[in-house]
$ cat my_file28.cif   # mmCIF, C-alpha atoms
data_protein
#
loop_
_atom_site.label_atom_id
_atom_site.label_comp_id
_atom_site.auth_asym_id
_atom_site.auth_seq_id
_atom_site.Cartn_x
_atom_site.Cartn_y
_atom_site.Cartn_z
CA MET E 1 5.77 -12.52 31.31
CA LYS E 2 6.77 -12.35 27.66
CA LYS E 3 5.39 -10.35 24.74
CA ILE E 4 5.51 -11.86 21.26
CA LEU E 5 5.19 -10.06 17.91
CA ILE E 6 4.16 -12.00 14.81
CA ILE E 7 4.57 -10.44 11.38
CA GLY E 8 1.83 -11.28 8.90
CA SER E 9 -1.92 -11.67 8.51
CA GLY E 10 -2.53 -15.21 7.28
CA GLY E 11 -3.64 -18.53 8.69
CA ARG E 12 -0.01 -19.47 9.38
CA GLU E 13 0.43 -16.40 11.58
CA HIS E 14 -2.87 -16.99 13.39
CA ALA E 15 -1.87 -20.61 14.06
CA LEU E 16 1.59 -19.65 15.34
CA GLY E 17 0.11 -17.00 17.63
CA TRP E 18 -2.54 -19.41 18.88
CA LYS E 19 0.21 -21.86 19.83
CA PHE E 20 2.40 -19.20 21.47
CA SER E 21 -0.63 -18.07 23.49
CA GLN E 22 -0.74 -21.47 25.18
CA SER E 23 2.61 -20.83 26.87
CA GLU E 24 2.39 -19.91 30.54
CA GLU E 25 5.35 -17.60 29.97
CA VAL E 26 3.56 -15.49 27.33
CA SER E 27 1.22 -12.66 28.36
CA GLU E 28 0.56 -10.96 24.99
CA VAL E 29 0.76 -11.95 21.35
CA TRP E 30 0.79 -9.03 18.94
CA TYR E 31 0.20 -9.32 15.20
CA ALA E 32 1.29 -6.86 12.52
CA PRO E 33 -1.22 -6.57 10.97
CA GLY E 34 -3.17 -9.72 11.93
CA ASN E 35 -6.78 -10.33 10.90
CA ALA E 36 -10.29 -10.64 12.37
CA GLY E 37 -9.44 -13.90 14.12
CA THR E 38 -6.16 -12.95 15.76
CA GLN E 39 -7.76 -10.59 18.30
CA GLU E 40 -8.69 -13.43 20.64
CA GLY E 41 -7.42 -14.34 24.10
CA LYS E 42 -3.92 -12.92 24.45
CA GLY E 43 -3.96 -11.66 20.85
CA LYS E 44 -3.81 -7.99 19.85
CA ASN E 45 -3.53 -6.42 16.39
CA ALA E 46 -1.16 -3.56 15.59
CA ASN E 47 -2.30 -1.25 12.80
CA ILE E 48 0.92 -1.85 10.86
CA ASP E 49 1.37 -4.06 7.80
CA GLY E 50 4.69 -5.51 8.86
CA THR E 51 5.10 -7.39 5.59
CA LYS E 52 5.86 -4.15 3.70
CA LYS E 53 9.39 -2.75 3.60
CA GLU E 54 8.21 0.83 4.02
CA ASN E 55 6.85 -0.13 7.45
CA PHE E 56 10.02 -1.71 8.87
CA GLN E 57 10.82 1.41 10.92
CA LYS E 58 7.28 1.48 12.34
CA LEU E 59 7.74 -2.16 13.34
CA PHE E 60 10.96 -1.34 15.15
CA ASP E 61 9.25 1.55 16.94
CA LEU E 62 6.48 -0.83 18.04
CA ILE E 63 9.03 -3.39 19.24
CA LYS E 64 10.76 -0.73 21.35
CA LYS E 65 7.53 0.76 22.69
CA LYS E 66 5.99 -2.57 23.70
CA GLU E 67 9.35 -4.14 24.69
CA MET E 68 8.75 -7.24 22.61
CA ASP E 69 10.65 -10.27 23.88
CA LEU E 70 10.45 -12.18 20.61
CA THR E 71 9.49 -11.41 17.01
CA ILE E 72 8.47 -14.11 14.52
CA VAL E 73 8.43 -13.34 10.80
CA GLY E 74 5.66 -15.39 9.19
CA PRO E 75 5.68 -14.81 5.40
CA GLU E 76 8.59 -14.98 2.98
CA ILE E 77 8.36 -11.47 1.48
CA PRO E 78 9.57 -9.47 4.53
CA LEU E 79 12.38 -12.03 4.98
CA VAL E 80 13.46 -11.58 1.37
CA GLU E 81 13.13 -7.79 1.77
CA GLY E 82 15.61 -7.93 4.68
CA LEU E 83 13.46 -7.39 7.79
CA VAL E 84 15.70 -9.57 9.97
CA ASP E 85 18.79 -7.63 8.84
CA PHE E 86 17.01 -4.32 9.46
CA LEU E 87 16.05 -5.22 13.03
CA ASN E 88 19.45 -6.77 13.80
CA ASN E 89 21.18 -3.61 12.56
CA LYS E 90 19.00 -1.61 14.95
CA GLY E 91 20.38 -3.69 17.82
CA TYR E 92 17.34 -5.97 18.16
CA ASN E 93 18.39 -9.60 17.83
CA LYS E 94 15.33 -11.39 19.19
CA VAL E 95 13.83 -11.87 15.75
CA PHE E 96 13.33 -15.41 14.43
CA GLY E 97 13.79 -15.89 10.71
CA PRO E 98 16.62 -16.07 8.17
CA THR E 99 18.52 -13.04 6.92
CA GLN E 100 18.01 -11.62 3.44
CA SER E 101 21.01 -13.51 2.13
CA ALA E 102 19.92 -16.82 3.67
CA SER E 103 16.38 -16.27 2.36
CA ARG E 104 17.69 -16.77 -1.16
CA LEU E 105 17.12 -20.46 -0.45
CA GLU E 106 13.49 -19.72 -1.36
CA SER E 107 13.65 -16.48 -3.32
CA ASP E 108 16.25 -17.66 -5.85
CA LYS E 109 15.66 -21.07 -7.42
CA PHE E 110 19.10 -20.84 -9.08
CA TYR E 111 20.80 -20.42 -5.69
CA SER E 112 18.99 -23.39 -4.10
CA TYR E 113 19.58 -25.55 -7.19
CA ASP E 114 23.33 -24.84 -7.10
CA LEU E 115 23.51 -25.37 -3.34
CA MET E 116 21.83 -28.76 -3.61
CA ASN E 117 24.19 -29.73 -6.40
CA LYS E 118 27.20 -28.89 -4.22
CA LEU E 119 25.88 -31.21 -1.52
CA ASN E 120 24.66 -33.94 -3.89
CA ILE E 121 21.14 -33.54 -2.55
CA PRO E 122 18.78 -35.42 -4.89
CA GLN E 123 16.55 -33.14 -6.96
CA ALA E 124 15.03 -32.88 -10.43
CA GLU E 125 17.56 -32.46 -13.23
CA SER E 126 17.19 -28.86 -14.38
CA VAL E 127 18.53 -26.21 -16.74
CA LYS E 128 18.99 -22.61 -15.54
CA CYS E 129 17.60 -20.24 -18.16
CA LEU E 130 18.20 -16.49 -18.10
CA THR E 131 16.21 -15.56 -21.21
CA PHE E 132 13.02 -16.63 -22.97
CA GLU E 133 15.13 -18.06 -25.79
CA ASP E 134 17.22 -20.11 -23.33
CA ALA E 135 14.02 -21.58 -21.91
CA GLN E 136 12.64 -22.38 -25.35
CA ARG E 137 15.81 -24.29 -26.23
CA ALA E 138 15.75 -26.19 -22.94
CA ILE E 139 12.13 -27.21 -23.49
CA GLU E 140 12.93 -28.37 -27.03
CA GLU E 141 15.88 -30.45 -25.81
CA LYS E 142 14.66 -31.78 -22.46
CA THR E 143 10.97 -32.55 -22.88
CA ASN E 144 10.27 -36.29 -23.05
CA GLU E 145 7.21 -38.53 -22.86
CA LYS E 146 6.80 -37.60 -19.17
CA GLY E 147 6.52 -33.90 -19.97
CA ILE E 148 8.45 -31.01 -18.42
CA VAL E 149 8.19 -28.46 -15.58
CA ILE E 150 8.69 -24.68 -15.66
CA LYS E 151 9.75 -23.06 -12.37
CA ALA E 152 10.01 -19.30 -11.88
CA ARG E 153 13.30 -18.17 -10.36
CA GLY E 154 11.82 -15.73 -7.84
CA LEU E 155 8.91 -15.53 -5.39
CA THR E 156 5.46 -16.30 -6.77
CA ALA E 157 3.26 -16.96 -3.70
CA GLY E 158 3.43 -20.67 -4.44
CA LYS E 159 1.99 -20.28 -7.94
CA GLY E 160 5.07 -20.05 -10.17
CA VAL E 161 5.33 -23.71 -11.18
CA SER E 162 3.80 -25.00 -14.43
CA VAL E 163 3.59 -28.75 -15.00
CA CYS E 164 3.27 -29.57 -18.71
CA ASP E 165 2.42 -32.84 -20.46
CA SER E 166 4.05 -32.07 -23.80
CA LYS E 167 6.56 -29.87 -25.61
CA LYS E 168 3.74 -27.94 -27.33
CA GLU E 169 1.97 -27.25 -24.05
CA ALA E 170 5.24 -26.19 -22.40
CA LEU E 171 6.12 -23.72 -25.17
CA ASN E 172 2.65 -22.17 -25.00
CA GLU E 173 2.76 -22.05 -21.20
CA LEU E 174 6.23 -20.47 -21.25
CA ARG E 175 4.83 -17.35 -22.95
CA LEU E 176 2.21 -16.88 -20.25
CA HIS E 177 4.62 -17.83 -17.48
CA SER E 178 7.26 -15.33 -18.63
CA LYS E 179 4.75 -12.47 -18.69
CA LYS E 180 3.63 -13.26 -15.13
CA TYR E 181 6.91 -14.16 -13.45
CA GLY E 182 9.77 -13.05 -15.70
CA GLU E 183 12.05 -14.82 -18.16
CA GLU E 184 14.47 -16.39 -15.66
CA VAL E 185 13.30 -19.95 -15.06
CA LEU E 186 14.40 -23.46 -14.25
CA ILE E 187 13.34 -25.99 -16.85
CA ALA E 188 13.12 -29.19 -14.81
CA GLU E 189 12.40 -32.84 -15.37
CA ARG E 190 8.93 -33.88 -14.33
CA LEU E 191 8.85 -36.08 -11.25
CA PHE E 192 6.06 -38.49 -10.35
CA GLY E 193 5.17 -39.73 -6.90
CA GLN E 194 3.61 -38.78 -3.59
CA GLU E 195 4.55 -35.31 -2.37
CA PHE E 196 4.89 -34.34 1.28
CA SER E 197 6.38 -31.60 3.43
CA VAL E 198 8.99 -31.77 6.18
CA PHE E 199 9.56 -28.96 8.68
CA GLY E 200 12.40 -28.20 11.03
CA ILE E 201 13.62 -25.41 13.30
CA SER E 202 17.18 -24.25 12.75
CA ASP E 203 19.46 -22.52 15.27
CA GLY E 204 22.21 -21.99 12.70
CA ASN E 205 24.11 -25.14 13.66
CA ARG E 206 21.49 -27.89 13.53
CA VAL E 207 17.88 -28.49 12.55
CA LEU E 208 15.46 -29.79 15.17
CA PRO E 209 12.89 -31.90 13.33
CA LEU E 210 9.15 -31.64 13.64
CA GLU E 211 8.79 -35.40 13.45
CA ILE E 212 5.51 -35.44 11.55
CA SER E 213 5.15 -35.47 7.77
CA VAL E 214 2.54 -33.15 6.25
CA GLN E 215 0.72 -33.23 2.91
CA ASP E 216 -0.48 -30.03 1.25
CA HIS E 217 -3.08 -29.81 -1.55
CA LYS E 218 -1.93 -27.18 -4.05
CA ARG E 219 -4.43 -27.55 -6.90
CA GLU E 220 -7.78 -25.79 -6.66
CA PHE E 221 -10.06 -28.78 -7.37
CA GLU E 222 -10.52 -32.35 -6.17
CA GLY E 223 -8.19 -34.95 -7.62
CA ASP E 224 -5.39 -32.39 -7.91
CA ARG E 225 -7.01 -30.68 -10.88
CA GLY E 226 -7.03 -27.01 -11.84
CA ARG E 227 -4.68 -24.14 -11.17
CA ASN E 228 -1.94 -23.98 -8.55
CA THR E 229 -2.93 -22.13 -5.39
CA GLY E 230 -1.19 -21.18 -2.18
CA GLY E 231 -2.72 -24.34 -0.69
CA MET E 232 -6.31 -25.58 -0.35
CA GLY E 233 -5.77 -27.75 2.72
CA ALA E 234 -3.32 -29.98 4.55
CA TYR E 235 -3.19 -32.85 7.01
CA CYS E 236 -0.71 -34.65 9.24
CA PRO E 237 0.80 -37.05 9.81
CA VAL E 238 0.97 -38.74 6.41
CA PRO E 239 0.75 -42.47 7.19
CA ILE E 240 3.15 -43.63 4.47
CA PHE E 241 5.88 -41.17 5.52
CA SER E 242 7.05 -42.09 9.00
CA SER E 243 8.79 -40.02 11.67
CA LYS E 244 11.85 -42.18 10.99
CA LEU E 245 11.88 -40.92 7.39
CA VAL E 246 11.50 -37.34 8.59
CA ARG E 247 14.54 -37.74 10.86
CA LYS E 248 16.50 -39.19 7.94
CA ILE E 249 15.64 -36.14 5.78
CA ILE E 250 16.72 -33.79 8.56
CA LYS E 251 19.99 -35.68 9.08
CA GLU E 252 20.96 -36.23 5.45
CA ILE E 253 19.50 -33.15 3.75
CA MET E 254 18.56 -30.29 6.08
CA ASN E 255 21.50 -30.43 8.49
CA PRO E 256 24.17 -30.55 5.75
CA LEU E 257 22.33 -27.71 4.01
CA ILE E 258 22.37 -25.27 6.92
CA LEU E 259 25.96 -26.19 7.82
CA LYS E 260 27.03 -25.42 4.24
CA MET E 261 25.14 -22.14 4.35
CA LYS E 262 26.89 -21.17 7.58
CA GLU E 263 30.25 -22.11 6.05
CA GLU E 264 29.49 -19.76 3.15
CA GLY E 265 28.50 -16.89 5.46
CA ASN E 266 24.73 -17.37 5.31
CA GLU E 267 23.89 -18.58 8.81
CA TYR E 268 20.30 -19.82 8.88
CA LYS E 269 18.05 -19.34 11.90
CA GLY E 270 14.35 -19.92 11.38
CA PHE E 271 11.73 -22.39 10.25
CA LEU E 272 12.93 -24.54 7.36
CA TYR E 273 10.58 -26.30 4.95
CA ALA E 274 11.50 -29.03 2.49
CA GLY E 275 8.99 -30.00 -0.18
CA MET E 276 9.72 -33.68 -0.90
CA ILE E 277 8.58 -36.27 -3.42
CA MET E 278 8.86 -40.04 -3.13
CA CYS E 279 9.53 -41.27 -6.66
CA GLU E 280 9.49 -44.93 -7.70
CA SER E 281 13.17 -45.42 -7.00
CA ASP E 282 14.24 -42.64 -4.68
CA LEU E 283 13.42 -39.58 -2.59
CA LYS E 284 13.99 -36.09 -4.03
CA VAL E 285 13.68 -32.46 -2.95
CA ILE E 286 11.20 -30.36 -4.91
CA GLU E 287 11.96 -27.07 -3.17
CA PHE E 288 12.99 -25.37 0.06
CA ASN E 289 11.03 -22.59 1.74
CA VAL E 290 12.38 -20.28 4.42
CA ARG E 291 9.23 -20.15 6.57
CA PHE E 292 6.45 -22.37 7.76
CA GLY E 293 4.04 -23.50 5.07
CA ASP E 294 0.49 -22.21 4.93
CA PRO E 295 -1.80 -24.15 5.38
CA GLU E 296 0.55 -26.87 6.70
CA CYS E 297 1.23 -24.79 9.80
CA GLN E 298 -2.39 -24.99 10.94
CA PRO E 299 -2.68 -28.76 11.48
CA VAL E 300 0.92 -29.02 12.73
CA MET E 301 0.27 -26.51 15.53
CA THR E 302 -2.57 -28.70 16.85
CA ILE E 303 -0.22 -31.71 16.97
CA ILE E 304 2.71 -30.03 18.75
CA LYS E 305 2.46 -30.56 22.51
CA SER E 306 5.59 -28.68 23.62
CA ASP E 307 5.80 -24.98 24.51
CA LEU E 308 6.68 -23.26 21.22
CA TYR E 309 8.01 -20.16 22.97
CA LYS E 310 10.65 -22.19 24.81
CA ILE E 311 11.68 -23.96 21.59
CA ILE E 312 12.13 -20.77 19.57
CA SER E 313 13.96 -19.07 22.45
CA LYS E 314 16.50 -21.93 22.50
CA ALA E 315 16.85 -21.70 18.71
CA LEU E 316 17.77 -18.01 18.92
CA GLU E 317 20.37 -18.88 21.57
CA GLY E 318 21.82 -21.60 19.32
CA LYS E 319 20.94 -24.26 21.90
CA LEU E 320 18.51 -26.62 20.19
CA ASN E 321 20.69 -29.52 21.31
CA ALA E 322 19.27 -28.93 24.78
CA ILE E 323 15.61 -29.42 23.85
CA GLU E 324 13.22 -31.91 22.27
CA ILE E 325 9.75 -31.46 20.82
CA LYS E 326 6.86 -33.55 22.10
CA PHE E 327 3.77 -34.25 20.02
CA ASN E 328 0.16 -35.12 20.66
CA PRO E 329 -0.99 -38.50 19.36
CA GLY E 330 -3.62 -38.64 16.65
CA ALA E 331 -4.06 -36.60 13.46
CA SER E 332 -5.15 -33.20 12.20
CA CYS E 333 -6.88 -31.99 9.02
CA CYS E 334 -7.23 -28.42 7.72
CA VAL E 335 -9.73 -27.45 4.99
CA ILE E 336 -9.30 -24.03 3.37
CA LEU E 337 -12.40 -22.01 2.51
CA ALA E 338 -11.53 -19.69 -0.37
CA SER E 339 -13.27 -16.79 -2.09
CA LYS E 340 -15.04 -17.62 -5.33
CA GLY E 341 -12.59 -17.07 -8.18
CA TYR E 342 -9.44 -17.75 -6.18
CA PRO E 343 -6.60 -18.18 -7.24
CA GLY E 344 -7.73 -15.77 -9.98
CA ASP E 345 -9.80 -12.61 -9.51
CA TYR E 346 -12.23 -12.51 -6.60
CA GLU E 347 -14.30 -10.02 -4.62
CA ILE E 348 -13.97 -9.29 -0.91
CA GLY E 349 -16.10 -7.70 1.79
CA PHE E 350 -18.69 -10.47 2.22
CA PRO E 351 -19.97 -11.26 5.75
CA ILE E 352 -19.19 -14.69 7.25
CA PHE E 353 -21.79 -16.57 9.26
CA GLY E 354 -21.69 -19.66 11.45
CA LEU E 355 -18.38 -19.11 13.23
CA GLU E 356 -20.11 -18.93 16.61
CA ASP E 357 -21.60 -22.39 16.07
CA VAL E 358 -18.25 -23.86 15.05
CA ALA E 359 -16.58 -22.31 18.11
CA LYS E 360 -18.79 -24.51 20.30
CA MET E 361 -17.46 -27.70 18.68
CA LYS E 362 -14.81 -29.72 20.47
CA ASP E 363 -11.39 -30.25 18.82
CA ILE E 364 -12.08 -27.68 16.08
CA LYS E 365 -10.13 -24.49 15.54
CA VAL E 366 -10.86 -22.04 12.73
CA PHE E 367 -7.73 -20.14 11.75
CA HIS E 368 -8.41 -16.90 9.90
CA SER E 369 -6.48 -15.95 6.76
CA GLY E 370 -8.28 -13.38 4.62
CA THR E 371 -10.66 -11.74 7.09
CA LYS E 372 -11.22 -8.32 8.59
CA LEU E 373 -13.41 -6.88 11.32
CA ASP E 374 -15.84 -4.12 10.33
CA LYS E 375 -18.30 -2.81 12.92
CA ASN E 376 -18.22 -6.11 14.81
CA LYS E 377 -18.87 -8.08 11.62
CA ILE E 378 -16.29 -10.50 10.21
CA LEU E 379 -15.87 -9.97 6.47
CA THR E 380 -13.85 -11.70 3.76
CA ASN E 381 -10.60 -9.88 2.94
CA GLY E 382 -8.54 -12.22 0.76
CA GLY E 383 -8.40 -15.26 -1.50
CA ARG E 384 -7.97 -17.88 1.18
CA VAL E 385 -10.42 -16.90 3.91
CA LEU E 386 -10.49 -19.54 6.66
CA GLY E 387 -8.61 -22.71 7.61
CA VAL E 388 -11.07 -25.03 9.34
CA THR E 389 -8.81 -27.34 11.35
CA ALA E 390 -9.85 -30.47 13.22
CA TYR E 391 -7.79 -32.57 15.62
CA SER E 392 -8.62 -36.19 16.42
CA LEU E 393 -7.00 -38.42 19.00
CA ASP E 394 -8.07 -41.40 16.88
CA ASN E 395 -7.01 -41.10 13.23
CA ILE E 396 -7.01 -38.98 10.10
CA LEU E 397 -10.46 -40.20 9.01
CA SER E 398 -12.00 -38.88 12.24
CA ALA E 399 -10.18 -35.57 11.83
CA GLN E 400 -11.34 -35.28 8.21
CA GLN E 401 -14.98 -35.99 9.08
CA LEU E 402 -14.90 -33.49 11.93
CA ALA E 403 -13.37 -30.79 9.74
CA TYR E 404 -16.03 -31.15 7.05
CA LYS E 405 -18.79 -31.20 9.68
CA ALA E 406 -17.50 -27.81 10.85
CA VAL E 407 -17.26 -26.53 7.26
CA SER E 408 -20.95 -27.35 6.76
CA LYS E 409 -21.87 -24.85 9.51
CA ILE E 410 -20.09 -21.90 7.85
CA ASN E 411 -21.69 -19.67 5.25
CA ILE E 412 -20.11 -16.79 3.37
CA LEU E 413 -22.51 -14.40 1.69
CA GLY E 414 -21.39 -14.35 -1.93
CA GLY E 415 -20.20 -17.94 -1.66
CA PHE E 416 -16.90 -19.72 -1.26
CA HIS E 417 -15.25 -22.84 -2.58
CA TYR E 418 -13.24 -25.62 -1.00
CA ARG E 419 -11.87 -29.04 -1.85
CA LYS E 420 -13.86 -31.99 -0.59
CA ASP E 421 -10.96 -34.47 -0.67
CA ILE E 422 -8.43 -33.11 1.82
CA SER E 423 -6.49 -36.07 3.31
CA GLU E 424 -8.27 -38.51 0.97
CA LYS E 425 -4.96 -39.94 -0.27
CA SER E 426 -4.19 -41.18 3.23
CA LEU E 427 -7.41 -43.18 3.34
CA LYS E 428 -6.81 -45.27 0.20
#
$ encode --input "my_file28.cif" --output "structure tokens"
Amino acid sequence: MKKILIIGSGGREHALGWKFSQSEEVSEVWYAPGNAGTQEGKGKNANIDGTKKENFQKLFDLIKKKEMDLTIVGPEIPLVEGLVDFLNNKGYNKVFGPTQSASRLESDKFYSYDLMNKLNIPQAESVKCLTFEDAQRAIEEKTNEKGIVIKARGLTAGKGVSVCDSKKEALNELRLHSKKYGEEVLIAERLFGQEFSVFGISDGNRVLPLEISVQDHKREFEGDRGRNTGGMGAYCPVPIFSSKLVRKIIKEIMNPLILKMKEEGNEYKGFLYAGMIMCESDLKVIEFNVRFGDPECQPVMTIIKSDLYKIISKALEGKLNAIEIKFNPGASCCVILASKGYPGDYEIGFPIFGLEDVAKMKDIKVFHSGTKLDKNKILTNGGRVLGVTAYSLDNILSAQQLAYKAVSKINILGGFHYRKDISEKSLK
């Protein structure tokens, strides 16, 4: 029987571990550090925050002590900090995720922009700016009646993009943006259209598609209003983006990308995420991420039918050509419950009620993100607290209604907020 270690503490990590736990070959799923929800069934929490570089040695010691058969790196930060390289250099090569160099695909917008240009992958026309003055000039020259977009070069937890309607707004926003995320930015044309996410699993030579499109909801309020967040909910599949289109994106964009990276000495093994937008005339890439999206991971895990442990094991062996992924029919919808004030300042430590009632509901799974256990009480411990995820064999409307029915049973002392229109676009 196999032991799995998952690095991270969010809803993505809980969802991955929940799926791994369903494998008959897996006996234990460890999380470093995990949360209040991950200590269920086969799940166990290690008292190590594996996302921090100073704890990499402790992680390796845990891997040796528990004889972990597979390690999955959930969030982007430890990947960018070089956790995969660290473990590989220690002689442990059963870790799934890209190396530090390959992780630049997400951590360095300049690198991904240049790589896409080399491959003629369609994307927004952009200007690389190294200084505040460079960015000012680019805004002055490139802003048109559609507006302009400011993208931070480095990691920003999904919040480093500012969409501006005018030159004046962009110049004002640039000052705030530079203070938060630094002066190095991409000044990009503003694209209009329906956004969606595509995920694949790479073994370094090919990308195996997850043949379901996903739609995230980044803004904090209904109707895509308010500040950018890490994601307020997601659903799949997106009816207007077929599995055929997903396969086309894998074939024409993702596969050439990872082959080019391997050619340049940056072999890519791990989850690969492409943020896409369908414009009036064509399809374009918004961004690449080097891990599974959160909260997109939550509904996707309820749709995947195949044994995830077997898939990832084949990916590490470079043998994804020998496997296919099977999916459950139907649809899934995830609604994020967030602390009041998120994505700005918020308080933590509030008790959560109603989870026992939701646990009795059929086809509902609550994935924990920002929670902790204190004297047998589950308390809030982050901005995004819970991902209430519903699966329906019928359609997305049924999944949406079930998800919100479950949400109505949950109460967080001190309050919480959530969007009431997750998956609404698919119903129009």
$ closest_atom_pairs --input "my_file28.cif" --of "segment 116-216 of chain E" --to "segment 326-330 of chain E" --cutoff "10 Å" --atoms "all atoms listed in the file" --output "CSV"
residue,atom,partner,partner_atom,distance
E:Leu210,CA,E:Phe327,CA,8.7
E:Glu211,CA,E:Phe327,CA,8.3
E:Ile212,CA,E:Phe327,CA,8.7
$ resolve_selection --input "my_file28.cif" --expression "the PyMOL selection byres ((chain E and resi 156) around 12)" --output "list in words"
Glu76, Ile77, Glu106, Ser107, Asp108, Lys109, Lys151, Ala152, Arg153, Gly154, Leu155, Ala157, Gly158, Lys159, Gly160, Val161, Ser162, His177, Lys180, Tyr181, Gly182, Val185, Asn228, Thr229, Gly230 and Asn289 of chain E
$ atom_distance --input "my_file28.cif" --atom1 "atom CA of Pro295 of chain E" --atom2 "atom CA of Glu25 of chain E"
26.4 Å
$ closest_residue --input "my_file28.cif" --among "E:Lys269, E:Arg225, E:Gly233, E:Lys146" --to "Val73 of chain E" --atoms "all atoms listed in the file"
E:Lys269
$ atom_distance --input "my_file28.cif" --atom1 "atom CA of Val26 of chain E" --atom2 "atom CA of Ile4 of chain E"
7.3 Å
$ closest_residue --input "my_file28.cif" --among "E:Asn411, E:Asn117, E:Ser339, E:Ser27" --to "Arg384 of chain E" --atoms "only C-alpha atoms"
E:Ser339
$ residues_near_point --input "my_file28.cif" --point "(13.8, -36.5, 8.5)" --cutoff "9 Å" --atoms "all atoms listed in the file" --output "PDB file with C-alpha atoms, in the frame of the given file"
ATOM      1  CA  VAL E 198       8.990 -31.770   6.180  1.00  0.00           C
ATOM      2  CA  PHE E 199       9.560 -28.960   8.680  1.00  0.00           C
ATOM      3  CA  GLY E 200      12.400 -28.200  11.030  1.00  0.00           C
ATOM      4  CA  PRO E 209      12.890 -31.900  13.330  1.00  0.00           C
ATOM      5  CA  LEU E 210       9.150 -31.640  13.640  1.00  0.00           C
ATOM      6  CA  GLU E 211       8.790 -35.400  13.450  1.00  0.00           C
ATOM      7  CA  ILE E 212       5.510 -35.440  11.550  1.00  0.00           C
ATOM      8  CA  SER E 213       5.150 -35.470   7.770  1.00  0.00           C
ATOM      9  CA  SER E 242       7.050 -42.090   9.000  1.00  0.00           C
ATOM     10  CA  SER E 243       8.790 -40.020  11.670  1.00  0.00           C
ATOM     11  CA  LYS E 244      11.850 -42.180  10.990  1.00  0.00           C
ATOM     12  CA  LEU E 245      11.880 -40.920   7.390  1.00  0.00           C
ATOM     13  CA  VAL E 246      11.500 -37.340   8.590  1.00  0.00           C
ATOM     14  CA  ARG E 247      14.540 -37.740  10.860  1.00  0.00           C
ATOM     15  CA  LYS E 248      16.500 -39.190   7.940  1.00  0.00           C
ATOM     16  CA  ILE E 249      15.640 -36.140   5.780  1.00  0.00           C
ATOM     17  CA  ILE E 250      16.720 -33.790   8.560  1.00  0.00           C
ATOM     18  CA  LYS E 251      19.990 -35.680   9.080  1.00  0.00           C
ATOM     19  CA  GLU E 252      20.960 -36.230   5.450  1.00  0.00           C
ATOM     20  CA  ILE E 253      19.500 -33.150   3.750  1.00  0.00           C
ATOM     21  CA  MET E 254      18.560 -30.290   6.080  1.00  0.00           C
TER      22      MET E 254
END
$ closest_residue --input "my_file28.cif" --among "E:Asp49, E:Asp282, E:Glu169, E:Glu356" --to "Gly147 of chain E" --atoms "only C-alpha atoms"
E:Glu169
$ closest_residue --input "my_file28.cif" --among "E:Glu40, E:Glu317, E:Asp134, E:Asp224" --to "Leu186 of chain E" --atoms "all atoms listed in the file"
E:Asp134
$ residues_around --input "my_file28.cif" --residues "segment 422-428 of chain E" --least-positions-apart "6" --cutoff "10 Å" --atoms "all atoms listed in the file" --output "PyMOL selection string"
chain E and resi 194+214-217+222-223+232-240+332-336+396-397+399-400+403-404
$ residues_around --input "my_file28.cif" --residues "Tyr342 of chain E" --least-positions-apart "3" --cutoff "10 Å" --atoms "all atoms listed in the file" --output "ChimeraX atom specification"
/E:220,227,229-230,338-339,345-347,382-384,416-417
$ closest_residue --input "my_file28.cif" --among "E:Val80, E:Ile63, E:Leu87, E:Ala102" --to "Glu263 of chain E" --atoms "all atoms listed in the file"
E:Ala102
$ atom_distance --input "my_file28.cif" --atom1 "atom CA of Lys19 of chain E" --atom2 "atom CA of Met301 of chain E"
6.3 Å
$ residues_near_point --input "my_file28.cif" --point "(14.2, -24.6, 17.3)" --cutoff "12 Å" --atoms "all atoms listed in the file" --output "ChimeraX atom specification"
/E:96-97,199-210,268-272,306-325
$ resolve_selection --input "my_file28.cif" --expression "the PyMOL selection byres ((chain E and resi 406) around 12)" --output "ChimeraX atom specification"
/E:333-337,354-366,386-391,399-405,407-411
$ closest_residue --input "my_file28.cif" --among "E:Tyr31, E:Phe353, E:Tyr111, E:Tyr418" --to "Thr51 of chain E" --atoms "all atoms listed in the file"
E:Tyr31
$ axis_aligned_box --input "my_file28.cif" --around "segment 8-18 of chain E" --padding-each-side "8 Å" --output "lines of an AutoDock Vina configuration file"
center_x = -0.9
center_y = -15.9
center_z = 13.1
size_x = 21.5
size_y = 25.3
size_z = 27.6
$ resolve_selection --input "my_file28.cif" --expression "the PyMOL selection byres ((chain E and resi 191) around 8)" --output "ChimeraX atom specification"
/E:124,189-190,192-193,277,279
